[in-house]
file structure.txt (compact mmCIF, N, CA and C atoms)
# COMPACT_ATOMS: atom_id res chain seq x y z
N MET A 1 -37.62 97.23 -11.38
CA MET A 1 -37.70 96.78 -10.05
C MET A 1 -38.36 97.81 -9.17
N SER A 2 -39.16 97.28 -8.31
CA SER A 2 -39.82 98.20 -7.40
C SER A 2 -39.15 98.11 -6.04
N THR A 3 -39.02 99.19 -5.45
CA THR A 3 -38.41 99.22 -4.13
C THR A 3 -39.48 99.57 -3.10
N THR A 4 -39.33 98.96 -1.97
CA THR A 4 -40.27 99.29 -0.90
C THR A 4 -39.66 100.40 -0.07
N SER A 5 -40.49 101.28 0.20
CA SER A 5 -40.00 102.38 1.02
C SER A 5 -40.40 102.13 2.47
N PHE A 6 -39.52 102.46 3.29
CA PHE A 6 -39.80 102.34 4.71
C PHE A 6 -40.35 103.64 5.22
N GLU A 7 -41.44 103.50 5.94
CA GLU A 7 -42.03 104.71 6.48
C GLU A 7 -41.37 105.02 7.81
N PRO A 8 -41.18 106.24 8.09
CA PRO A 8 -40.56 106.58 9.37
C PRO A 8 -41.51 106.25 10.52
N VAL A 9 -40.90 105.93 11.64
CA VAL A 9 -41.67 105.63 12.83
C VAL A 9 -42.31 106.93 13.31
N HIS A 10 -43.57 106.81 13.63
CA HIS A 10 -44.26 108.00 14.10
C HIS A 10 -43.79 108.30 15.52
N GLU A 11 -43.52 109.51 15.77
CA GLU A 11 -43.03 109.94 17.08
C GLU A 11 -44.02 109.65 18.20
N PRO A 12 -45.35 109.83 18.03
CA PRO A 12 -46.27 109.54 19.14
C PRO A 12 -46.27 108.07 19.54
N LEU A 13 -46.11 107.12 18.59
CA LEU A 13 -46.08 105.71 18.94
C LEU A 13 -44.85 105.36 19.76
N ALA A 14 -43.72 105.88 19.38
CA ALA A 14 -42.48 105.63 20.13
C ALA A 14 -42.58 106.22 21.53
N GLN A 15 -43.14 107.38 21.63
CA GLN A 15 -43.30 108.04 22.92
C GLN A 15 -44.22 107.22 23.83
N ASP A 16 -45.34 106.70 23.27
CA ASP A 16 -46.26 105.88 24.06
C ASP A 16 -45.60 104.59 24.54
N ALA A 17 -44.79 103.97 23.70
CA ALA A 17 -44.11 102.74 24.10
C ALA A 17 -43.12 103.01 25.23
N ARG A 18 -42.40 104.12 25.16
CA ARG A 18 -41.44 104.48 26.19
C ARG A 18 -42.16 104.74 27.51
N ILE A 19 -43.27 105.44 27.47
CA ILE A 19 -44.05 105.73 28.68
C ILE A 19 -44.61 104.44 29.27
N SER A 20 -45.05 103.52 28.41
CA SER A 20 -45.59 102.25 28.89
C SER A 20 -44.51 101.44 29.62
N ARG A 21 -43.28 101.42 29.06
CA ARG A 21 -42.19 100.69 29.72
C ARG A 21 -41.85 101.33 31.07
N LEU A 22 -41.84 102.63 31.14
CA LEU A 22 -41.55 103.31 32.40
C LEU A 22 -42.63 103.04 33.44
N GLU A 23 -43.89 103.01 33.01
CA GLU A 23 -44.99 102.70 33.94
C GLU A 23 -44.89 101.27 34.45
N ASN A 24 -44.52 100.33 33.57
CA ASN A 24 -44.37 98.93 34.00
C ASN A 24 -43.24 98.80 35.02
N ARG A 25 -42.13 99.50 34.77
CA ARG A 25 -41.01 99.45 35.72
C ARG A 25 -41.42 100.03 37.07
N ALA A 26 -42.13 101.13 37.05
CA ALA A 26 -42.58 101.76 38.30
C ALA A 26 -43.54 100.84 39.04
N ARG A 27 -44.44 100.18 38.31
CA ARG A 27 -45.38 99.25 38.94
C ARG A 27 -44.62 98.07 39.56
N ASN A 28 -43.61 97.55 38.86
CA ASN A 28 -42.83 96.44 39.40
C ASN A 28 -42.08 96.86 40.67
N VAL A 29 -41.55 98.07 40.66
CA VAL A 29 -40.85 98.55 41.85
C VAL A 29 -41.81 98.68 43.02
N ARG A 30 -43.02 99.18 42.77
CA ARG A 30 -44.01 99.30 43.84
C ARG A 30 -44.37 97.93 44.41
N TRP A 31 -44.59 96.94 43.52
CA TRP A 31 -44.93 95.60 43.99
C TRP A 31 -43.79 94.99 44.79
N LYS A 32 -42.57 95.17 44.33
CA LYS A 32 -41.42 94.63 45.05
C LYS A 32 -41.27 95.30 46.41
N SER A 33 -41.51 96.60 46.46
CA SER A 33 -41.43 97.32 47.74
C SER A 33 -42.51 96.84 48.71
N ALA A 34 -43.72 96.66 48.20
CA ALA A 34 -44.80 96.17 49.05
C ALA A 34 -44.51 94.76 49.55
N PHE A 35 -43.98 93.91 48.69
CA PHE A 35 -43.64 92.54 49.07
C PHE A 35 -42.55 92.54 50.13
N ALA A 36 -41.53 93.39 49.96
CA ALA A 36 -40.45 93.48 50.95
C ALA A 36 -40.98 93.97 52.29
N ALA A 37 -41.91 94.92 52.27
CA ALA A 37 -42.49 95.42 53.52
C ALA A 37 -43.29 94.31 54.21
N CYS A 38 -44.03 93.52 53.45
CA CYS A 38 -44.79 92.41 54.03
C CYS A 38 -43.85 91.38 54.64
N LEU A 39 -42.75 91.07 53.96
CA LEU A 39 -41.79 90.12 54.51
C LEU A 39 -41.17 90.64 55.81
N ALA A 40 -40.86 91.92 55.83
CA ALA A 40 -40.28 92.50 57.05
C ALA A 40 -41.28 92.45 58.20
N ALA A 41 -42.55 92.74 57.93
CA ALA A 41 -43.57 92.69 58.98
C ALA A 41 -43.76 91.26 59.48
N ALA A 42 -43.77 90.29 58.57
CA ALA A 42 -43.91 88.89 58.98
C ALA A 42 -42.72 88.45 59.81
N GLY A 43 -41.54 88.90 59.46
CA GLY A 43 -40.34 88.57 60.24
C GLY A 43 -40.40 89.13 61.64
N MET A 44 -40.86 90.37 61.77
CA MET A 44 -40.98 90.98 63.09
C MET A 44 -42.02 90.26 63.94
N LEU A 45 -43.15 89.90 63.33
CA LEU A 45 -44.19 89.18 64.06
C LEU A 45 -43.69 87.84 64.56
N SER A 46 -42.95 87.12 63.71
CA SER A 46 -42.45 85.82 64.13
C SER A 46 -41.44 85.96 65.26
N CYS A 47 -40.63 87.01 65.23
CA CYS A 47 -39.69 87.24 66.33
C CYS A 47 -40.43 87.50 67.64
N TYR A 48 -41.50 88.30 67.59
CA TYR A 48 -42.27 88.57 68.79
C TYR A 48 -42.93 87.30 69.32
N GLN A 49 -43.42 86.45 68.42
CA GLN A 49 -44.06 85.21 68.86
C GLN A 49 -43.05 84.27 69.48
N ILE A 50 -41.87 84.19 68.91
CA ILE A 50 -40.83 83.33 69.47
C ILE A 50 -40.42 83.83 70.84
N GLN A 51 -40.28 85.15 70.98
CA GLN A 51 -39.91 85.72 72.27
C GLN A 51 -41.00 85.45 73.31
N ALA A 52 -42.27 85.59 72.93
CA ALA A 52 -43.38 85.33 73.86
C ALA A 52 -43.41 83.86 74.26
N HIS A 53 -43.15 82.97 73.32
CA HIS A 53 -43.13 81.54 73.64
C HIS A 53 -41.98 81.22 74.59
N ASP A 54 -40.83 81.82 74.37
CA ASP A 54 -39.69 81.59 75.28
C ASP A 54 -39.99 82.10 76.69
N GLU A 55 -40.64 83.25 76.78
CA GLU A 55 -41.00 83.79 78.10
C GLU A 55 -42.02 82.88 78.79
N ALA A 56 -43.00 82.37 78.02
CA ALA A 56 -44.00 81.47 78.60
C ALA A 56 -43.34 80.19 79.09
N ARG A 57 -42.40 79.66 78.32
CA ARG A 57 -41.71 78.44 78.73
C ARG A 57 -40.89 78.68 79.99
N THR A 58 -40.26 79.83 80.09
CA THR A 58 -39.49 80.16 81.30
C THR A 58 -40.39 80.27 82.52
N MET A 59 -41.55 80.94 82.36
CA MET A 59 -42.50 81.04 83.48
C MET A 59 -43.03 79.66 83.87
N ALA A 60 -43.30 78.81 82.89
CA ALA A 60 -43.78 77.47 83.19
C ALA A 60 -42.73 76.68 83.95
N HIS A 61 -41.47 76.85 83.59
CA HIS A 61 -40.39 76.12 84.25
C HIS A 61 -40.16 76.63 85.67
N ASN A 62 -40.21 77.95 85.85
CA ASN A 62 -39.88 78.52 87.16
C ASN A 62 -41.04 78.52 88.15
N VAL A 63 -42.27 78.75 87.68
CA VAL A 63 -43.40 78.94 88.59
C VAL A 63 -44.56 78.00 88.31
N GLY A 64 -44.99 77.95 87.07
CA GLY A 64 -46.24 77.28 86.71
C GLY A 64 -46.27 75.79 86.95
N ARG A 65 -45.15 75.13 86.81
CA ARG A 65 -45.18 73.66 86.95
C ARG A 65 -45.55 73.22 88.36
N TYR A 66 -45.36 74.09 89.34
CA TYR A 66 -45.69 73.74 90.73
C TYR A 66 -47.20 73.81 90.99
N LYS A 67 -47.95 74.35 90.06
CA LYS A 67 -49.42 74.42 90.18
C LYS A 67 -50.11 73.22 89.55
N VAL A 68 -49.34 72.34 88.92
CA VAL A 68 -49.90 71.18 88.23
C VAL A 68 -49.75 69.95 89.11
N ARG A 69 -50.84 69.22 89.25
CA ARG A 69 -50.85 68.01 90.07
C ARG A 69 -50.63 66.79 89.17
N VAL A 70 -49.70 65.91 89.58
CA VAL A 70 -49.44 64.67 88.85
C VAL A 70 -50.06 63.53 89.64
N THR A 71 -50.86 62.71 88.96
CA THR A 71 -51.53 61.60 89.62
C THR A 71 -51.48 60.38 88.72
N SER A 72 -51.67 59.23 89.33
CA SER A 72 -51.79 57.99 88.56
C SER A 72 -53.15 57.35 88.79
N ASP A 73 -54.04 58.03 89.51
CA ASP A 73 -55.38 57.53 89.80
C ASP A 73 -56.30 57.82 88.62
N TYR A 74 -56.49 56.83 87.80
CA TYR A 74 -57.26 56.95 86.56
C TYR A 74 -58.72 57.28 86.84
N GLU A 75 -59.29 56.70 87.89
CA GLU A 75 -60.71 56.86 88.17
C GLU A 75 -61.06 58.27 88.66
N LYS A 76 -60.14 58.94 89.35
CA LYS A 76 -60.41 60.29 89.81
C LYS A 76 -60.46 61.29 88.66
N VAL A 77 -59.69 61.03 87.63
CA VAL A 77 -59.56 61.98 86.53
C VAL A 77 -60.60 61.73 85.45
N GLN A 78 -60.77 60.49 85.05
CA GLN A 78 -61.69 60.15 83.96
C GLN A 78 -63.12 60.48 84.34
N GLY A 79 -63.81 61.19 83.49
CA GLY A 79 -65.22 61.50 83.71
C GLY A 79 -65.47 62.76 84.50
N THR A 80 -64.52 63.18 85.33
CA THR A 80 -64.73 64.38 86.13
C THR A 80 -63.93 65.57 85.60
N CYS A 81 -62.92 65.32 84.79
CA CYS A 81 -62.05 66.38 84.29
C CYS A 81 -62.13 66.46 82.76
N LYS A 82 -61.76 67.60 82.24
CA LYS A 82 -61.79 67.82 80.79
C LYS A 82 -60.42 67.46 80.20
N PHE A 83 -60.42 66.56 79.23
CA PHE A 83 -59.18 66.13 78.57
C PHE A 83 -58.64 67.26 77.70
N VAL A 84 -57.32 67.48 77.77
CA VAL A 84 -56.69 68.53 76.95
C VAL A 84 -55.87 67.91 75.83
N ARG A 85 -54.90 67.04 76.20
CA ARG A 85 -54.03 66.48 75.18
C ARG A 85 -53.14 65.38 75.76
N TYR A 86 -52.70 64.47 74.89
CA TYR A 86 -51.70 63.49 75.29
C TYR A 86 -50.34 64.17 75.28
N LEU A 87 -49.51 63.83 76.23
CA LEU A 87 -48.15 64.34 76.29
C LEU A 87 -47.20 63.20 75.96
N GLN A 88 -46.35 63.41 74.99
CA GLN A 88 -45.45 62.36 74.52
C GLN A 88 -44.01 62.80 74.71
N PRO A 89 -43.37 62.38 75.80
CA PRO A 89 -42.00 62.82 76.05
C PRO A 89 -41.00 62.33 75.00
N GLU A 90 -41.29 61.22 74.35
CA GLU A 90 -40.38 60.70 73.35
C GLU A 90 -40.38 61.55 72.08
N GLN A 91 -41.36 62.43 71.93
CA GLN A 91 -41.46 63.27 70.74
C GLN A 91 -40.84 64.66 70.94
N ASP A 92 -40.24 64.92 72.09
CA ASP A 92 -39.63 66.23 72.34
C ASP A 92 -38.40 66.38 71.45
N PRO A 93 -38.37 67.41 70.59
CA PRO A 93 -37.26 67.54 69.65
C PRO A 93 -35.94 67.97 70.29
N LYS A 94 -35.99 68.64 71.44
CA LYS A 94 -34.76 69.13 72.06
C LYS A 94 -34.10 68.11 72.97
N HIS A 95 -34.92 67.49 73.83
CA HIS A 95 -34.35 66.61 74.84
C HIS A 95 -35.42 65.65 75.34
N ILE A 96 -35.19 64.37 75.21
CA ILE A 96 -36.12 63.37 75.74
C ILE A 96 -35.82 63.23 77.23
N PRO A 97 -36.81 63.51 78.08
CA PRO A 97 -36.55 63.48 79.52
C PRO A 97 -36.30 62.05 80.02
N THR A 98 -35.43 61.97 81.02
CA THR A 98 -35.19 60.69 81.67
C THR A 98 -36.35 60.39 82.61
N ASP A 99 -36.34 59.22 83.22
CA ASP A 99 -37.41 58.88 84.15
C ASP A 99 -37.44 59.83 85.34
N ALA A 100 -36.29 60.32 85.77
CA ALA A 100 -36.24 61.26 86.89
C ALA A 100 -36.76 62.64 86.49
N GLU A 101 -36.55 63.03 85.25
CA GLU A 101 -37.00 64.34 84.78
C GLU A 101 -38.45 64.34 84.30
N LEU A 102 -39.01 63.16 84.12
CA LEU A 102 -40.34 63.05 83.52
C LEU A 102 -41.45 63.79 84.27
N PRO A 103 -41.57 63.70 85.60
CA PRO A 103 -42.65 64.43 86.27
C PRO A 103 -42.59 65.94 86.06
N ASP A 104 -41.40 66.53 86.15
CA ASP A 104 -41.27 67.96 85.92
C ASP A 104 -41.54 68.32 84.46
N TRP A 105 -41.11 67.46 83.54
CA TRP A 105 -41.34 67.72 82.11
C TRP A 105 -42.83 67.72 81.80
N VAL A 106 -43.58 66.74 82.32
CA VAL A 106 -45.02 66.71 82.03
C VAL A 106 -45.74 67.87 82.71
N ARG A 107 -45.27 68.30 83.87
CA ARG A 107 -45.88 69.46 84.53
C ARG A 107 -45.70 70.72 83.69
N GLU A 108 -44.48 70.94 83.18
CA GLU A 108 -44.22 72.12 82.34
C GLU A 108 -45.07 72.10 81.08
N GLU A 109 -45.10 70.98 80.39
CA GLU A 109 -45.87 70.89 79.15
C GLU A 109 -47.36 71.06 79.43
N ALA A 110 -47.83 70.51 80.54
CA ALA A 110 -49.26 70.61 80.87
C ALA A 110 -49.65 72.05 81.17
N VAL A 111 -48.84 72.78 81.93
CA VAL A 111 -49.19 74.16 82.25
C VAL A 111 -49.11 75.04 81.01
N LEU A 112 -48.24 74.73 80.06
CA LEU A 112 -48.21 75.47 78.80
C LEU A 112 -49.49 75.25 78.00
N LEU A 113 -50.11 74.09 78.16
CA LEU A 113 -51.38 73.80 77.49
C LEU A 113 -52.58 74.31 78.27
N GLY A 114 -52.36 74.73 79.51
CA GLY A 114 -53.45 75.23 80.33
C GLY A 114 -54.00 74.20 81.30
N ALA A 115 -53.44 73.01 81.32
CA ALA A 115 -53.94 71.94 82.19
C ALA A 115 -53.44 72.12 83.62
N ASP A 116 -54.22 71.59 84.56
CA ASP A 116 -53.82 71.66 85.97
C ASP A 116 -53.59 70.28 86.58
N THR A 117 -53.85 69.22 85.81
CA THR A 117 -53.67 67.85 86.30
C THR A 117 -53.09 67.00 85.18
N VAL A 118 -52.17 66.10 85.57
CA VAL A 118 -51.58 65.17 84.61
C VAL A 118 -51.77 63.77 85.13
N LEU A 119 -52.32 62.92 84.29
CA LEU A 119 -52.44 61.50 84.59
C LEU A 119 -51.21 60.83 84.00
N LEU A 120 -50.33 60.31 84.87
CA LEU A 120 -49.05 59.74 84.44
C LEU A 120 -49.00 58.27 84.81
N GLN A 121 -48.84 57.44 83.81
CA GLN A 121 -48.69 56.01 84.01
C GLN A 121 -47.55 55.55 83.12
N ASN A 122 -46.48 55.02 83.75
CA ASN A 122 -45.24 54.67 83.07
C ASN A 122 -44.70 55.92 82.37
N ARG A 123 -44.56 55.90 81.06
CA ARG A 123 -44.10 57.08 80.32
C ARG A 123 -45.23 57.65 79.45
N THR A 124 -46.46 57.33 79.81
CA THR A 124 -47.62 57.83 79.11
C THR A 124 -48.28 58.89 79.98
N ALA A 125 -48.55 60.05 79.39
CA ALA A 125 -49.14 61.15 80.15
C ALA A 125 -50.31 61.75 79.39
N GLU A 126 -51.32 62.17 80.15
CA GLU A 126 -52.48 62.85 79.60
C GLU A 126 -52.72 64.09 80.44
N ALA A 127 -52.94 65.23 79.77
CA ALA A 127 -53.19 66.50 80.46
C ALA A 127 -54.69 66.73 80.58
N TYR A 128 -55.13 67.18 81.76
CA TYR A 128 -56.55 67.43 82.04
C TYR A 128 -56.72 68.76 82.75
N ILE A 129 -57.91 69.33 82.61
CA ILE A 129 -58.31 70.49 83.41
C ILE A 129 -59.35 70.00 84.39
N CYS A 130 -58.98 69.97 85.67
CA CYS A 130 -59.89 69.50 86.72
C CYS A 130 -60.40 70.65 87.58
N GLY A 131 -59.73 71.78 87.54
CA GLY A 131 -60.10 72.92 88.36
C GLY A 131 -61.10 73.83 87.66
N PRO A 132 -61.16 75.08 88.10
CA PRO A 132 -62.16 76.01 87.55
C PRO A 132 -61.89 76.45 86.12
N GLY A 133 -60.70 76.29 85.62
CA GLY A 133 -60.43 76.71 84.25
C GLY A 133 -58.99 76.48 83.86
N PRO A 134 -58.64 76.83 82.63
CA PRO A 134 -57.26 76.64 82.17
C PRO A 134 -56.30 77.59 82.88
N LEU A 135 -55.03 77.20 82.93
CA LEU A 135 -54.01 77.97 83.61
C LEU A 135 -53.13 78.74 82.62
N ASN A 136 -52.60 79.86 83.09
CA ASN A 136 -51.55 80.58 82.37
C ASN A 136 -50.23 79.86 82.63
N PRO A 137 -49.18 80.16 81.86
CA PRO A 137 -47.88 79.53 82.12
C PRO A 137 -47.32 79.81 83.51
N ASP A 138 -47.78 80.90 84.16
CA ASP A 138 -47.28 81.18 85.51
C ASP A 138 -48.13 80.51 86.59
N GLY A 139 -49.14 79.74 86.19
CA GLY A 139 -49.95 79.00 87.15
C GLY A 139 -51.21 79.69 87.60
N THR A 140 -51.46 80.91 87.17
CA THR A 140 -52.70 81.61 87.52
C THR A 140 -53.79 81.23 86.53
N LEU A 141 -55.04 81.49 86.91
CA LEU A 141 -56.16 81.18 86.01
C LEU A 141 -56.16 82.12 84.82
N ARG A 142 -56.48 81.59 83.65
CA ARG A 142 -56.52 82.41 82.44
C ARG A 142 -57.62 83.45 82.48
N ASN A 143 -58.80 83.07 82.90
CA ASN A 143 -59.94 83.98 82.96
C ASN A 143 -60.50 83.99 84.38
N PRO A 144 -59.89 84.74 85.29
CA PRO A 144 -60.35 84.70 86.67
C PRO A 144 -61.76 85.28 86.85
N GLU A 145 -62.23 86.13 85.95
CA GLU A 145 -63.57 86.70 86.12
C GLU A 145 -64.67 85.72 85.79
N ILE A 146 -64.36 84.60 85.16
CA ILE A 146 -65.39 83.62 84.79
C ILE A 146 -65.61 82.57 85.88
N GLN A 147 -64.87 82.63 86.95
CA GLN A 147 -65.00 81.64 88.02
C GLN A 147 -66.43 81.62 88.58
N PRO A 148 -66.92 80.44 88.96
CA PRO A 148 -68.25 80.38 89.60
C PRO A 148 -68.18 81.00 90.99
N HIS A 149 -69.26 81.68 91.38
CA HIS A 149 -69.28 82.37 92.67
C HIS A 149 -69.84 81.49 93.75

call {"tool": "encode", "arguments": {"input": "structure.txt", "output": "structure tokens"}}
result
Amino acid sequence: MSTTSFEPVHEPLAQDARISRLENRARNVRWKSAFAACLAAAGMLSCYQIQAHDEARTMAHNVGRYKVRVTSDYEKVQGTCKFVRYLQPEQDPKHIPTDAELPDWVREEAVLLGADTVLLQNRTAEAYICGPGPLNPDGTLRNPEIQPH
């Protein structure tokens, strides 16, 4: 009977395998650290954007809505003003405004979009820019240096 002899494992091969495993672990740790840092940065950015949106909404509610004109005269607005967007009060996720709250609600939403005029008929609203330019949430012009002289 012949017996097979087992050759001993060469020390350099075992050493290379161990180093390769350690390098893979280190690479995985670096990738996980980079991914965690990216997630943290994205979280901070979203918090800043939410805070800025809340501040804009507060300014629109307190000051900016008084700079928006509500009209039902279709002929004055159509053709002379720039259309911005339809406003749909029934689609508000927080609170659907009542008929009494509707004019203030459309004013706030319009100034957040930069509009200065709202065409309101029944519960249908359209936001327009009829003045020199879009408005900030506080009711001032977004680009005051671009005004015609």

call {"tool": "select_by_dssp", "arguments": {"input": "structure.txt", "residues": "chain A", "states": "helix (DSSP H, G or I)", "output": "PyMOL selection string"}}
result
chain A and resi 11-62+64-67+74-77+89-91+102-113+144-146

call {"tool": "axis_aligned_box", "arguments": {"input": "structure.txt", "around": "region 103-122 of chain A", "padding_each_side": "4 Å", "output": "AutoDock Vina command-line options"}}
result
--center_x -47.7 --center_y 65.1 --center_z 82.0 --size_x 21.1 --size_y 28.8 --size_z 17.1

call {"tool": "closest_residue", "arguments": {"input": "structure.txt", "among": "A:Glu55, A:Asp116, A:Glu90, A:Glu109", "to": "Val68 (chain A)", "atoms": "only C-alpha atoms"}}
result
A:Asp116

call {"tool": "residues_around", "arguments": {"input": "structure.txt", "residues": "region 75-82 of chain A", "least_positions_apart": "2", "cutoff": "8 Å", "atoms": "all atoms listed in the file", "output": "ChimeraX atom specification"}}
result
/A:72-73,84-85,119,127-131

call {"tool": "atom_distance", "arguments": {"input": "structure.txt", "atom1": "atom N of Glu126 (chain A)", "atom2": "atom N of Leu102 (chain A)"}}
result
13.0 Å

call {"tool": "atom_distance", "arguments": {"input": "structure.txt", "atom1": "atom C of Ala110 (chain A)", "atom2": "atom C of Thr98 (chain A)"}}
result
17.7 Å

call {"tool": "closest_residue", "arguments": {"input": "structure.txt", "among": "A:Val111, A:Val106, A:Leu87, A:Ile96", "to": "Asp138 (chain A)", "atoms": "only N, CA and C atoms"}}
result
A:Val111

call {"tool": "select_by_dssp", "arguments": {"input": "structure.txt", "residues": "chain A", "states": "strand (DSSP E)", "output": "ChimeraX atom specification"}}
result
/A:69-71,82-87,117-121,124-129

call {"tool": "decode", "arguments": {"input": "structure.txt", "residues": "region 39-93 of chain A", "atoms": "C-alpha atoms", "output": "PDB file, in the first residue's frame"}}
result
ATOM      1  CA  LEU A  39     -25.285  59.611   5.998  1.00  0.00           C
ATOM      2  CA  ALA A  40     -24.494  62.043   8.799  1.00  0.00           C
ATOM      3  CA  ALA A  41     -23.849  64.862   6.308  1.00  0.00           C
ATOM      4  CA  ALA A  42     -27.092  64.118   4.452  1.00  0.00           C
ATOM      5  CA  GLY A  43     -28.985  64.142   7.750  1.00  0.00           C
ATOM      6  CA  MET A  44     -27.554  67.517   8.715  1.00  0.00           C
ATOM      7  CA  LEU A  45     -28.380  68.985   5.295  1.00  0.00           C
ATOM      8  CA  SER A  46     -31.966  67.773   5.495  1.00  0.00           C
ATOM      9  CA  CYS A  47     -32.339  69.299   8.963  1.00  0.00           C
ATOM     10  CA  TYR A  48     -31.087  72.654   7.668  1.00  0.00           C
ATOM     11  CA  GLN A  49     -33.480  72.508   4.716  1.00  0.00           C
ATOM     12  CA  ILE A  50     -36.426  71.677   6.951  1.00  0.00           C
ATOM     13  CA  GLN A  51     -35.519  74.536   9.280  1.00  0.00           C
ATOM     14  CA  ALA A  52     -35.209  76.966   6.332  1.00  0.00           C
ATOM     15  CA  HIS A  53     -38.580  75.838   4.965  1.00  0.00           C
ATOM     16  CA  ASP A  54     -40.217  76.337   8.363  1.00  0.00           C
ATOM     17  CA  GLU A  55     -38.740  79.835   8.635  1.00  0.00           C
ATOM     18  CA  ALA A  56     -39.947  80.683   5.100  1.00  0.00           C
ATOM     19  CA  ARG A  57     -43.444  79.446   5.939  1.00  0.00           C
ATOM     20  CA  THR A  58     -43.487  81.540   9.119  1.00  0.00           C
ATOM     21  CA  MET A  59     -42.396  84.663   7.204  1.00  0.00           C
ATOM     22  CA  ALA A  60     -45.041  83.989   4.554  1.00  0.00           C
ATOM     23  CA  HIS A  61     -47.709  83.651   7.231  1.00  0.00           C
ATOM     24  CA  ASN A  62     -46.691  86.731   9.222  1.00  0.00           C
ATOM     25  CA  VAL A  63     -45.604  89.210   6.529  1.00  0.00           C
ATOM     26  CA  GLY A  64     -45.510  87.951   2.955  1.00  0.00           C
ATOM     27  CA  ARG A  65     -49.152  87.046   2.472  1.00  0.00           C
ATOM     28  CA  TYR A  66     -50.120  90.721   2.766  1.00  0.00           C
ATOM     29  CA  LYS A  67     -48.094  91.488  -0.383  1.00  0.00           C
ATOM     30  CA  VAL A  68     -50.175  89.096  -2.517  1.00  0.00           C
ATOM     31  CA  ARG A  69     -53.256  90.382  -4.303  1.00  0.00           C
ATOM     32  CA  VAL A  70     -56.292  88.087  -4.636  1.00  0.00           C
ATOM     33  CA  THR A  71     -58.554  88.747  -7.609  1.00  0.00           C
ATOM     34  CA  SER A  72     -61.327  87.032  -9.515  1.00  0.00           C
ATOM     35  CA  ASP A  73     -60.932  89.164 -12.672  1.00  0.00           C
ATOM     36  CA  TYR A  74     -59.767  86.592 -15.200  1.00  0.00           C
ATOM     37  CA  GLU A  75     -59.208  89.102 -18.017  1.00  0.00           C
ATOM     38  CA  LYS A  76     -56.804  91.299 -16.031  1.00  0.00           C
ATOM     39  CA  VAL A  77     -54.539  88.380 -15.214  1.00  0.00           C
ATOM     40  CA  GLN A  78     -54.612  86.231 -18.348  1.00  0.00           C
ATOM     41  CA  GLY A  79     -52.151  87.355 -21.000  1.00  0.00           C
ATOM     42  CA  THR A  80     -50.541  90.092 -18.924  1.00  0.00           C
ATOM     43  CA  CYS A  81     -49.077  88.029 -16.073  1.00  0.00           C
ATOM     44  CA  LYS A  82     -46.773  85.026 -15.918  1.00  0.00           C
ATOM     45  CA  PHE A  83     -48.431  81.810 -14.711  1.00  0.00           C
ATOM     46  CA  VAL A  84     -46.621  80.086 -11.812  1.00  0.00           C
ATOM     47  CA  ARG A  85     -48.759  77.186 -10.614  1.00  0.00           C
ATOM     48  CA  TYR A  86     -52.215  75.926  -9.732  1.00  0.00           C
ATOM     49  CA  LEU A  87     -52.979  75.974  -6.021  1.00  0.00           C
ATOM     50  CA  GLN A  88     -55.071  73.086  -4.762  1.00  0.00           C
ATOM     51  CA  PRO A  89     -56.311  73.568  -1.194  1.00  0.00           C
ATOM     52  CA  GLU A  90     -57.862  70.097  -1.132  1.00  0.00           C
ATOM     53  CA  GLN A  91     -54.386  68.579  -1.551  1.00  0.00           C
ATOM     54  CA  ASP A  92     -52.899  70.174   1.594  1.00  0.00           C
ATOM     55  CA  PRO A  93     -51.667  67.253   3.731  1.00  0.00           C
TER      56      PRO A  93
END
